[in-house]
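To keep things clear, I will list the structure first and then write my remarks on it.
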Amino acid sequence: YDDYDFSLENIGAVFSHNSNPGVHAAICGVPVWTDSSSLAYPVANKSVDRIVNPETPNRDEWLTQIAHCEYLIEEIHLGIPYEHLTRLL
């Protein structure tokens with residue numbers, strides 16, 4: 001599942017401690033429950049009591065944030081993460 005090569009078709013919810021399936025589900029708009037250490041935690045449901053009626057928060061800001069925290073090896077070689085971070089200084 002590390003390559004996001006699994007289907008979320010007909011999946012109503014994902015429970016994930018801290019792994020890629022939880023992030024993948026959140027990206028796809030599937031309600032998730034995760035540990036606070038998960039990258040998906042900001043958009044995860046916090047209580048199992050919401051299983052029947054899960055929260056589906058707006059993911060726009062979260063998607064923007066995670067898009068800037070993981071890079072391909074080629075992007076690292078090009079210095080893209082360094083450029084991104086030094087613009088903030």
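Each chain in the structure tokens gets a letter, A, B and so on, in the order shown; residues start at 1 in every chain, and ligands are counted from 1 in the order they appear.
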
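Residue neighbourhood of Ala44 in chain A, excluding near-sequence residues (fewer than 2 positions): Val14, Phe15, Ser16, Gly22, Val23, Ala26, Val30, Pro31, Val32, Trp33, Thr34, Asp35, Ser36, Ser38, Leu39, Ala40, Tyr41, Pro42, Lys46, Ser47, Pro54, Glu55, Thr56 and Pro57 of chain A, at 10 Å, using only C-alpha atoms.
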
Go ahead and save the picked residues with C-alpha atoms, as a short mmCIF file (atom, residue, chain, number, x, y, z; two decimals), in the first residue's frame.
data_model
loop_
_atom_site.label_atom_id
_atom_site.label_comp_id
_atom_site.auth_asym_id
_atom_site.auth_seq_id
_atom_site.Cartn_x
_atom_site.Cartn_y
_atom_site.Cartn_z
CA VAL A 14 -10.69 3.94 7.70
CA PHE A 15 -9.13 3.41 11.12
CA SER A 16 -5.36 3.79 11.01
CA GLY A 22 -5.07 6.68 6.66
CA VAL A 23 -3.48 9.52 4.72
CA ALA A 26 -8.18 11.33 3.97
CA VAL A 30 -13.00 8.97 3.19
CA PRO A 31 -13.60 9.66 6.89
CA VAL A 32 -10.62 8.59 8.99
CA TRP A 33 -9.77 7.98 12.63
CA THR A 34 -6.06 8.11 13.40
CA ASP A 35 -3.56 8.48 16.20
CA SER A 36 -2.42 12.03 16.94
CA SER A 38 -0.55 10.61 11.99
CA LEU A 39 -0.13 13.10 9.15
CA ALA A 40 -3.91 12.73 8.66
CA TYR A 41 -4.76 13.66 12.27
CA PRO A 42 -5.72 17.29 11.52
CA LYS A 46 -11.42 12.32 17.10
CA SER A 47 -14.15 10.14 18.60
CA PRO A 54 -18.48 11.12 10.71
CA GLU A 55 -17.08 14.59 10.30
CA THR A 56 -15.83 15.45 6.81
CA PRO A 57 -13.79 18.62 7.31
#

Closest contacts (range 14-65 of chain A/range 70-81 of chain A, max 12 Å, only C-alpha atoms) as CSV:
residue,atom,partner,partner_atom,distance
A:Leu39,CA,A:Glu70,CA,11.0
A:Leu63,CA,A:Glu70,CA,11.6
A:Thr64,CA,A:Glu70,CA,11.3
A:Gln65,CA,A:Glu70,CA,9.7

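Among the candidate residues A:Asp49, A:Asp60, A:Cys28, A:His68, the one lying nearest to Glu83 in chain A is A:His68, with distances computed using only C-alpha atoms.
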
| request: Assign secondary structure with DSSP using the backbone only, and return the residues of chain A in strand (DSSP E or B) as a list in words. | output: Val14, Phe15, Ser16, Val32, Trp33, Thr34 and Asn45 of chain A
